[in-house]
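Dumped coords-v1.cif below, it's mmCIF, C-alpha atoms:
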data_run
loop_
_atom_site.label_atom_id
_atom_site.label_comp_id
_atom_site.auth_asym_id
_atom_site.auth_seq_id
_atom_site.Cartn_x
_atom_site.Cartn_y
_atom_site.Cartn_z
CA MET A 699 149.86 83.48 -19.57
CA ASN A 700 146.27 84.30 -20.56
CA LEU A 701 144.34 87.41 -19.54
CA THR A 702 142.27 85.64 -16.88
CA ARG A 703 145.32 84.27 -15.08
CA ALA A 704 147.08 87.66 -15.28
CA ILE A 705 144.09 89.37 -13.66
CA GLN A 706 143.93 86.67 -10.98
CA LEU A 707 147.64 87.06 -10.19
CA LEU A 708 147.27 90.84 -9.94
CA SER A 709 144.24 90.49 -7.66
CA GLU A 710 145.98 87.92 -5.46
CA SER A 711 149.16 90.03 -5.21
CA LEU A 712 147.21 93.13 -4.19
CA THR A 713 145.22 91.09 -1.67
CA ILE A 714 148.40 89.80 -0.02
CA VAL A 715 149.88 93.31 0.09
CA LEU A 716 146.66 94.65 1.63
CA ILE A 717 146.61 91.86 4.25
CA PHE A 718 150.17 92.69 5.29
CA ARG A 719 149.35 96.40 5.39
CA ILE A 720 146.31 95.84 7.61
CA PHE A 721 148.31 93.66 10.01
CA PHE A 722 151.21 96.13 9.98
CA LEU A 723 148.81 98.95 10.88
CA ARG A 724 147.21 96.69 13.51
CA LEU A 725 143.78 97.16 11.99
CA HIS A 726 143.01 93.43 11.78
CA SER A 727 141.57 93.40 15.31
CA VAL A 728 139.23 96.28 14.40
CA TYR A 729 138.17 94.95 11.00
CA ARG A 730 138.16 91.21 11.64
CA VAL A 731 135.53 90.29 9.05
CA PHE A 732 137.28 92.31 6.35
CA SER A 733 140.57 90.55 7.17
CA MET A 734 138.81 87.18 6.88
CA PHE A 735 137.36 88.27 3.54
CA LEU A 736 140.84 89.09 2.24
CA CYS A 737 142.37 85.82 3.50
CA PHE A 738 139.54 83.88 1.87
CA GLU A 739 140.20 85.68 -1.45
CA VAL A 740 143.83 84.54 -1.37
CA LEU A 741 142.97 80.98 -0.33
CA SER A 742 140.18 80.48 -2.88
CA THR A 743 142.19 81.94 -5.78
CA SER A 744 145.22 79.80 -4.91
CA ILE A 745 143.20 76.58 -4.68
CA MET A 746 141.38 77.26 -7.96
CA PHE A 747 144.71 77.95 -9.68
CA LEU A 748 146.28 74.79 -8.24
CA GLU A 749 143.32 72.70 -9.31
CA ALA A 750 143.47 74.11 -12.83
CA ALA A 751 147.24 73.45 -13.00
CA LEU A 752 146.84 69.82 -11.90
CA HIS A 753 144.00 69.15 -14.37
CA ASP A 754 142.42 66.78 -11.88
CA LYS A 755 139.93 64.73 -13.88
CA PHE A 756 138.50 63.17 -10.74
CA PHE A 757 137.32 66.44 -9.22
CA ASP A 758 135.33 68.98 -11.22
CA TYR A 759 136.55 72.57 -10.77
CA ARG A 760 132.91 73.72 -10.93
CA ILE A 761 132.22 71.98 -7.61
CA THR A 762 135.09 73.90 -5.99
CA TRP A 763 133.74 77.12 -7.52
CA ILE A 764 130.26 76.45 -6.07
CA LEU A 765 131.64 75.72 -2.59
CA PHE A 766 133.70 78.91 -2.63
CA LYS A 767 130.67 80.91 -3.79
CA VAL A 768 128.67 79.75 -0.79
CA ILE A 769 131.46 80.78 1.58
CA ALA A 770 131.74 84.13 -0.24
CA TRP A 771 128.00 84.73 0.34
CA VAL A 772 128.40 84.15 4.07
CA LEU A 773 131.36 86.53 4.26
CA SER A 774 129.61 89.16 2.14
CA LEU A 775 126.48 89.17 4.29
CA TRP A 776 128.59 89.11 7.44
CA MET A 777 130.46 92.13 6.07
CA VAL A 778 127.18 94.02 5.58
CA TYR A 779 126.18 93.33 9.19
CA ALA A 780 129.67 94.31 10.42
CA LEU A 781 129.58 97.62 8.54
CA LEU A 782 126.09 98.27 9.86
CA ARG A 783 127.22 97.65 13.46
CA ALA A 784 130.26 99.89 13.03
CA THR A 785 128.29 102.70 11.39
CA LEU A 786 125.50 102.70 13.97
CA ALA A 787 127.61 101.81 17.02
CA ASN A 788 126.46 104.95 18.84
CA LEU A 789 122.81 104.47 17.86
CA PRO A 790 121.84 101.06 19.31
CA GLY A 791 118.10 101.57 18.83
CA ILE A 792 118.40 102.27 15.11
CA LEU A 793 120.99 99.49 14.81
CA ARG A 794 118.63 96.93 16.33
CA LEU A 795 115.81 97.92 13.96
CA SER A 796 118.13 97.80 10.95
CA GLN A 797 119.35 94.31 11.88
CA LYS A 798 115.76 93.07 12.22
CA ILE A 799 114.96 94.42 8.75
CA LEU A 800 118.01 92.69 7.26
CA ASN A 801 117.06 89.44 9.02
CA ILE A 802 113.80 89.54 7.05
CA VAL A 803 115.09 90.91 3.75
CA PHE A 804 117.93 88.43 3.15
CA PRO A 805 115.77 85.26 3.48
CA LEU A 806 113.10 86.86 1.27
CA ALA A 807 115.75 87.57 -1.35
CA ALA A 808 116.85 83.92 -1.26
CA VAL A 809 113.25 82.78 -1.77
CA ALA A 810 112.80 85.25 -4.66
CA ALA A 811 115.97 83.94 -6.28
CA ILE A 812 114.76 80.34 -6.00
CA LEU A 813 111.48 81.31 -7.66
CA THR A 814 113.32 82.79 -10.66
CA ILE A 815 115.51 79.75 -11.25
CA GLN A 816 113.00 77.83 -13.39
CA PRO A 817 112.42 80.66 -15.90
CA GLU A 818 116.18 81.10 -16.24
CA TYR A 819 116.56 77.37 -16.88
CA ALA A 820 114.20 77.69 -19.82
CA ALA A 821 115.87 80.86 -21.13
CA SER A 822 119.39 79.44 -20.89
CA GLY A 823 118.55 76.10 -22.48
CA LEU A 824 119.92 74.21 -19.48
CA SER A 825 116.52 72.75 -18.64
CA SER A 826 117.36 69.85 -20.96
CA ALA A 827 120.96 69.54 -19.78
CA VAL A 828 122.01 66.08 -18.64
CA ASP A 829 124.88 67.26 -16.42
CA PRO A 830 123.50 68.14 -12.97
CA ILE A 831 126.56 70.32 -12.25
CA ASP A 832 125.57 72.64 -15.13
CA ARG A 833 122.21 73.09 -13.47
CA ALA A 834 123.83 73.69 -10.10
CA VAL A 835 126.06 76.38 -11.62
CA LEU A 836 122.99 78.22 -12.92
CA VAL A 837 121.33 78.01 -9.50
CA VAL A 838 124.44 79.46 -7.89
CA LEU A 839 124.60 82.28 -10.45
CA VAL A 840 120.99 83.23 -9.76
CA MET A 841 121.57 83.14 -6.00
CA ASP A 842 124.79 85.11 -6.39
CA ARG A 843 123.00 87.85 -8.30
CA SER A 844 120.19 87.99 -5.75
CA ILE A 845 122.49 88.14 -2.72
CA SER A 846 124.70 90.76 -4.39
CA THR A 847 121.62 92.87 -5.18
CA VAL A 848 120.31 92.76 -1.60
CA ALA A 849 123.77 93.46 -0.17
CA LEU A 850 124.06 96.42 -2.52
CA LEU A 851 120.65 97.78 -1.51
CA ALA A 852 121.56 97.45 2.18
CA LEU A 853 124.87 99.24 1.62
CA LEU A 854 123.17 101.97 -0.42
CA ALA A 855 120.61 102.46 2.35
CA MET A 856 123.48 102.88 4.84
CA LEU A 857 125.23 105.28 2.48
CA VAL A 858 122.09 107.41 2.02
CA PHE A 859 121.64 107.45 5.80
CA ILE A 860 125.15 108.69 6.54
CA LEU A 861 125.01 111.15 3.63
CA TRP A 862 121.82 112.73 5.00
CA PHE A 863 122.44 112.59 8.73
CA PRO A 864 125.68 114.06 10.15
CA VAL A 865 126.91 110.69 11.45
CA GLN A 866 130.52 110.80 12.61
CA MET A 867 132.79 107.81 11.98
CA PRO A 868 136.48 106.99 11.61
CA ARG A 869 137.85 107.85 8.17
CA ASN A 870 138.90 104.23 7.61
CA LEU A 871 135.31 103.07 8.08
CA ALA A 872 134.14 105.59 5.47
CA VAL A 873 136.82 104.26 3.09
CA PHE A 874 135.67 100.67 3.65
CA SER A 875 132.03 101.61 3.07
CA VAL A 876 132.62 103.46 -0.19
CA GLY A 877 134.80 100.63 -1.53
CA PHE A 878 132.20 97.95 -0.81
CA VAL A 879 129.38 99.99 -2.35
CA ALA A 880 131.45 100.36 -5.54
CA TYR A 881 132.27 96.64 -5.56
CA PHE A 882 128.73 95.35 -5.04
CA ALA A 883 127.24 97.92 -7.44
CA SER A 884 129.57 96.86 -10.25
CA LYS A 885 129.23 93.16 -9.49
CA THR A 886 125.42 93.32 -9.46
CA MET A 887 125.33 95.22 -12.74
CA LEU A 888 127.61 92.67 -14.42
CA LEU A 889 125.58 89.73 -13.11
CA LEU A 890 122.41 91.34 -14.43
CA LEU A 891 124.06 91.74 -17.83
CA HIS A 892 124.86 88.03 -17.75
CA SER A 893 121.16 87.26 -17.19
CA PHE A 894 120.10 89.13 -20.31
CA PHE A 895 122.90 88.09 -22.65
CA ALA A 896 124.58 84.88 -23.68
CA HIS A 897 125.81 82.31 -21.19
CA GLN A 898 129.19 82.48 -22.98
CA LEU A 899 129.75 85.94 -21.44
CA LEU A 900 130.31 84.34 -18.04
CA HIS A 901 134.09 84.23 -18.56
CA ALA A 902 134.30 87.90 -19.53
CA ILE A 903 132.03 88.91 -16.65
CA SER A 904 134.19 86.97 -14.19
CA ASN A 905 137.26 88.88 -15.47
CA ALA A 906 135.41 92.19 -15.15
CA ILE A 907 134.43 91.45 -11.54
CA SER A 908 138.05 90.53 -10.77
CA LEU A 909 139.21 93.84 -12.25
CA ILE A 910 136.70 95.73 -10.12
CA LEU A 911 138.04 93.92 -7.07
CA VAL A 912 141.57 94.93 -8.12
CA ALA A 913 140.42 98.56 -8.29
CA CYS A 914 138.86 98.29 -4.80
CA PHE A 915 142.03 96.74 -3.36
CA THR A 916 144.08 99.57 -4.87
CA TYR A 917 141.68 102.15 -3.41
CA TRP A 918 141.94 100.59 0.06
CA LEU A 919 145.74 100.38 -0.16
CA VAL A 920 145.98 104.07 -1.00
CA PHE A 921 143.53 105.46 1.55
CA LEU A 922 143.70 103.13 4.58
CA ASN A 923 146.17 104.29 7.22
CA ALA A 924 146.71 104.36 10.97
CA GLU A 925 145.65 108.00 11.25
CA GLY A 926 142.36 107.15 9.59
CA GLU A 927 141.28 105.22 12.67
CA ARG A 928 141.69 108.31 14.85
CA ALA A 929 140.44 110.92 12.38
CA PRO A 930 136.65 111.32 12.58
CA VAL A 931 134.81 112.38 9.42
CA ARG A 932 131.28 113.18 8.31
CA ILE A 933 130.88 112.25 4.66
CA GLY A 934 127.34 113.57 4.38
CA HIS A 935 125.73 116.85 3.49
CA SER A 936 127.59 119.97 4.66
CA TRP A 937 124.80 121.22 6.88
CA ARG A 938 124.97 124.55 8.66
CA SER A 939 125.64 124.39 12.38
CA ALA A 940 121.99 124.95 13.36
CA GLU A 941 120.65 122.40 10.83
CA GLN A 942 123.29 119.88 11.87
CA THR A 943 122.31 120.24 15.52
CA ARG A 944 118.64 119.77 14.64
CA LEU A 945 119.33 116.60 12.64
CA ILE A 946 121.47 115.15 15.42
CA GLU A 947 118.68 115.82 17.90
CA GLN A 948 116.18 114.10 15.58
CA LEU A 949 118.50 111.13 15.22
CA GLU A 950 118.98 110.81 18.98
CA ALA A 951 115.24 111.15 19.58
CA MET A 952 114.55 108.39 17.05
CA ASN A 953 117.18 106.18 18.68
CA THR A 954 115.72 106.78 22.18
CA ALA A 955 112.18 106.02 20.99
CA LEU A 956 113.31 102.74 19.39
CA LEU A 957 115.15 101.70 22.57
CA ARG A 958 112.05 102.39 24.69
CA SER A 959 109.90 100.42 22.25
CA ALA A 960 112.31 97.46 22.45
CA ARG A 961 112.07 97.37 26.26
CA ARG A 962 108.29 97.04 26.26
#
Do you think you could lay out the structure here as structure tokens?
Amino acid sequence: MNLTRAIQLLSESLTIVLIFRIFFLRLHSVYRVFSMFLCFEVLSTSIMFLEAALHDKFFDYRITWILFKVIAWVLSLWMVYALLRATLANLPGILRLSQKILNIVFPLAAVAAILTIQPEYAASGLSSAVDPIDRAVLVVLVMDRSISTVALLALLAMLVFILWFPVQMPRNLAVFSVGFVAYFASKTMLLLLHSFFAHQLLHAISNAISLILVACFTYWLVFLNAEGERAPVRIGHSWRSAEQTRLIEQLEAMNTALLRSARR
């Protein structure tokens, strides 16, 4: 068994364990998108392994990889929106503004990625490639990097917000948020490294991303529990009581002003 397959088996095993744990704790109804993300990880890894084992010469594994990447983008962006809704559930005015901003930022990121595809063709040497699938793989890699970057920036913005303002949330939600920030930060960094170094590094980068996902799964397995859904936490700055009250009042005033503006 090679290193890549060993990492994939470890990742898949941890994913299955985490799925069972979430269902056992009855958290799947609360974190539906996350549960879908985990199920997709198991399904996609299993299909890719089966396809590799069969050595199907009539169906290129790269096409399967591209299709799964597109689905992964949808789930990743959906996860960002879901975390945003959960974090700002008690602040509907700020939530609505944040969603509008994301609705603009994500399409702009896709356009920016498309504009950078041609220079990367020239840099990678694929501009003269005969195989159209090779070109499609490069397009997907560029889009993947762009979407990961924007998702990371959105998650970092949420993290800065909850670190500054004394926003209260269930401990499980804080655990989810920290794990996804770590995952997207590492994935974006590795994809950027791939852009500046040789195309042959793609295999090693894919293994590194899988290992990061393994670390995130382990983190979630250790810290997610039933009590975490009932235990409220504030992961931000340890403000004094008077400062905390002032910030909460500012936050509520901002939320009220945004709601009034939306009604006009």
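CA of Val731 in chain A to CA of Met777 in chain A spans 6.2 Å [interatomic distance, one decimal].
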Report task. Tell me which residues the PyMOL selection byres ((chain A and resi 788-790) around 9) grabs here, as a ChimeraX atom specification. Result -> /A:783-787,791-795,949-950,953-954,956-957
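Rounded to one decimal, CA of Asn700 in chain A and CA of Asn905 in chain A lie 11.3 Å from each other.
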Report task. Would you list the contacts of Thr847 in chain A as number ranges by chain, taking every protein, DNA or RNA residue within 10 Å and counting all atoms listed in the file, but skipping same-chain residues closer than 6 positions in sequence? Result -> A: 807, 841, 853, 882-883, 885-887, 889-890
Write out the residues from the selection above, keeping C-alpha atoms, as a short mmCIF file (atom, residue, chain, number, x, y, z; two decimals), in the coordinates of the input.
data_model
loop_
_atom_site.label_atom_id
_atom_site.label_comp_id
_atom_site.auth_asym_id
_atom_site.auth_seq_id
_atom_site.Cartn_x
_atom_site.Cartn_y
_atom_site.Cartn_z
CA ALA A 807 115.75 87.57 -1.35
CA MET A 841 121.57 83.14 -6.00
CA LEU A 853 124.87 99.24 1.62
CA PHE A 882 128.73 95.35 -5.04
CA ALA A 883 127.24 97.92 -7.44
CA LYS A 885 129.23 93.16 -9.49
CA THR A 886 125.42 93.32 -9.46
CA MET A 887 125.33 95.22 -12.74
CA LEU A 889 125.58 89.73 -13.11
CA LEU A 890 122.41 91.34 -14.43
#
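The nearest approach to Phe732 in chain A among the residues A:Pro805, A:Pro864, A:Leu775, A:Tyr917, with all atoms listed in the file taken into account, belongs to A:Leu775.
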Query raised in the report: Contacts of Arg730 in chain A at 12 Å or less, counting all atoms listed in the file, minus same-chain residues fewer than 4 places along, as a VMD selection string?
Result: chain A and resid 717 720 to 721 724 to 726 734 to 737 773 776 to 777 780 to 781 784
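When CA of Leu839 in chain A is paired with CA of Ser796 in chain A, their separation reads 27.2 Å.
Residue nearest Asp832 in chain A, chosen from A:Trp918, A:Phe722, A:Tyr759, A:Phe874 and counting only C-alpha atoms: A:Tyr759.
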**Report entry** Expected selection from the PyMOL selection byres ((chain A and resi 767) around 12), given as a PyMOL selection string
**Finding:** chain A and resi 738-739+742-743+760-766+768-774+834-835+837-843+845-846
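Among the candidates A:Thr943, A:Leu851, A:Tyr729, A:Ile714, the one nearest to Leu741 in chain A when counting all atoms listed in the file is A:Ile714.
For the residues A:Ala852, A:Ile812, A:Ala913, A:Val858, ranking by smallest atom-to-atom distance to Leu836 in chain A using all atoms listed in the file places A:Ile812 first.
The shortest atom-to-atom distance to Gln948 in chain A, with only C-alpha atoms taken into account, belongs to A:Val865 out of A:Val865, A:Leu701, A:Leu891, A:Leu708.
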Query raised in the report: So which residues get picked by the PyMOL selection byres ((chain A and resi 907-911) around 7) here, written as a PyMOL selection string?
Result: chain A and resi 705+709+881+885+903-906+912-915
Prev. selection, C-alpha atoms, output as a compact mmCIF listing (two decimals), keeping the file's coordinate frame:
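This went into result30.txt:
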# COMPACT_ATOMS: atom_id res chain seq x y z
CA ILE A 705 144.09 89.37 -13.66
CA SER A 709 144.24 90.49 -7.66
CA TYR A 881 132.27 96.64 -5.56
CA LYS A 885 129.23 93.16 -9.49
CA ILE A 903 132.03 88.91 -16.65
CA SER A 904 134.19 86.97 -14.19
CA ASN A 905 137.26 88.88 -15.47
CA ALA A 906 135.41 92.19 -15.15
CA VAL A 912 141.57 94.93 -8.12
CA ALA A 913 140.42 98.56 -8.29
CA CYS A 914 138.86 98.29 -4.80
CA PHE A 915 142.03 96.74 -3.36
Query - Exercise: Glu927 in chain A partners within 8 Å, only C-alpha atoms, chain neighbours under 4 positions left out, as a ChimeraX atom specification - result: /A:868-871,923
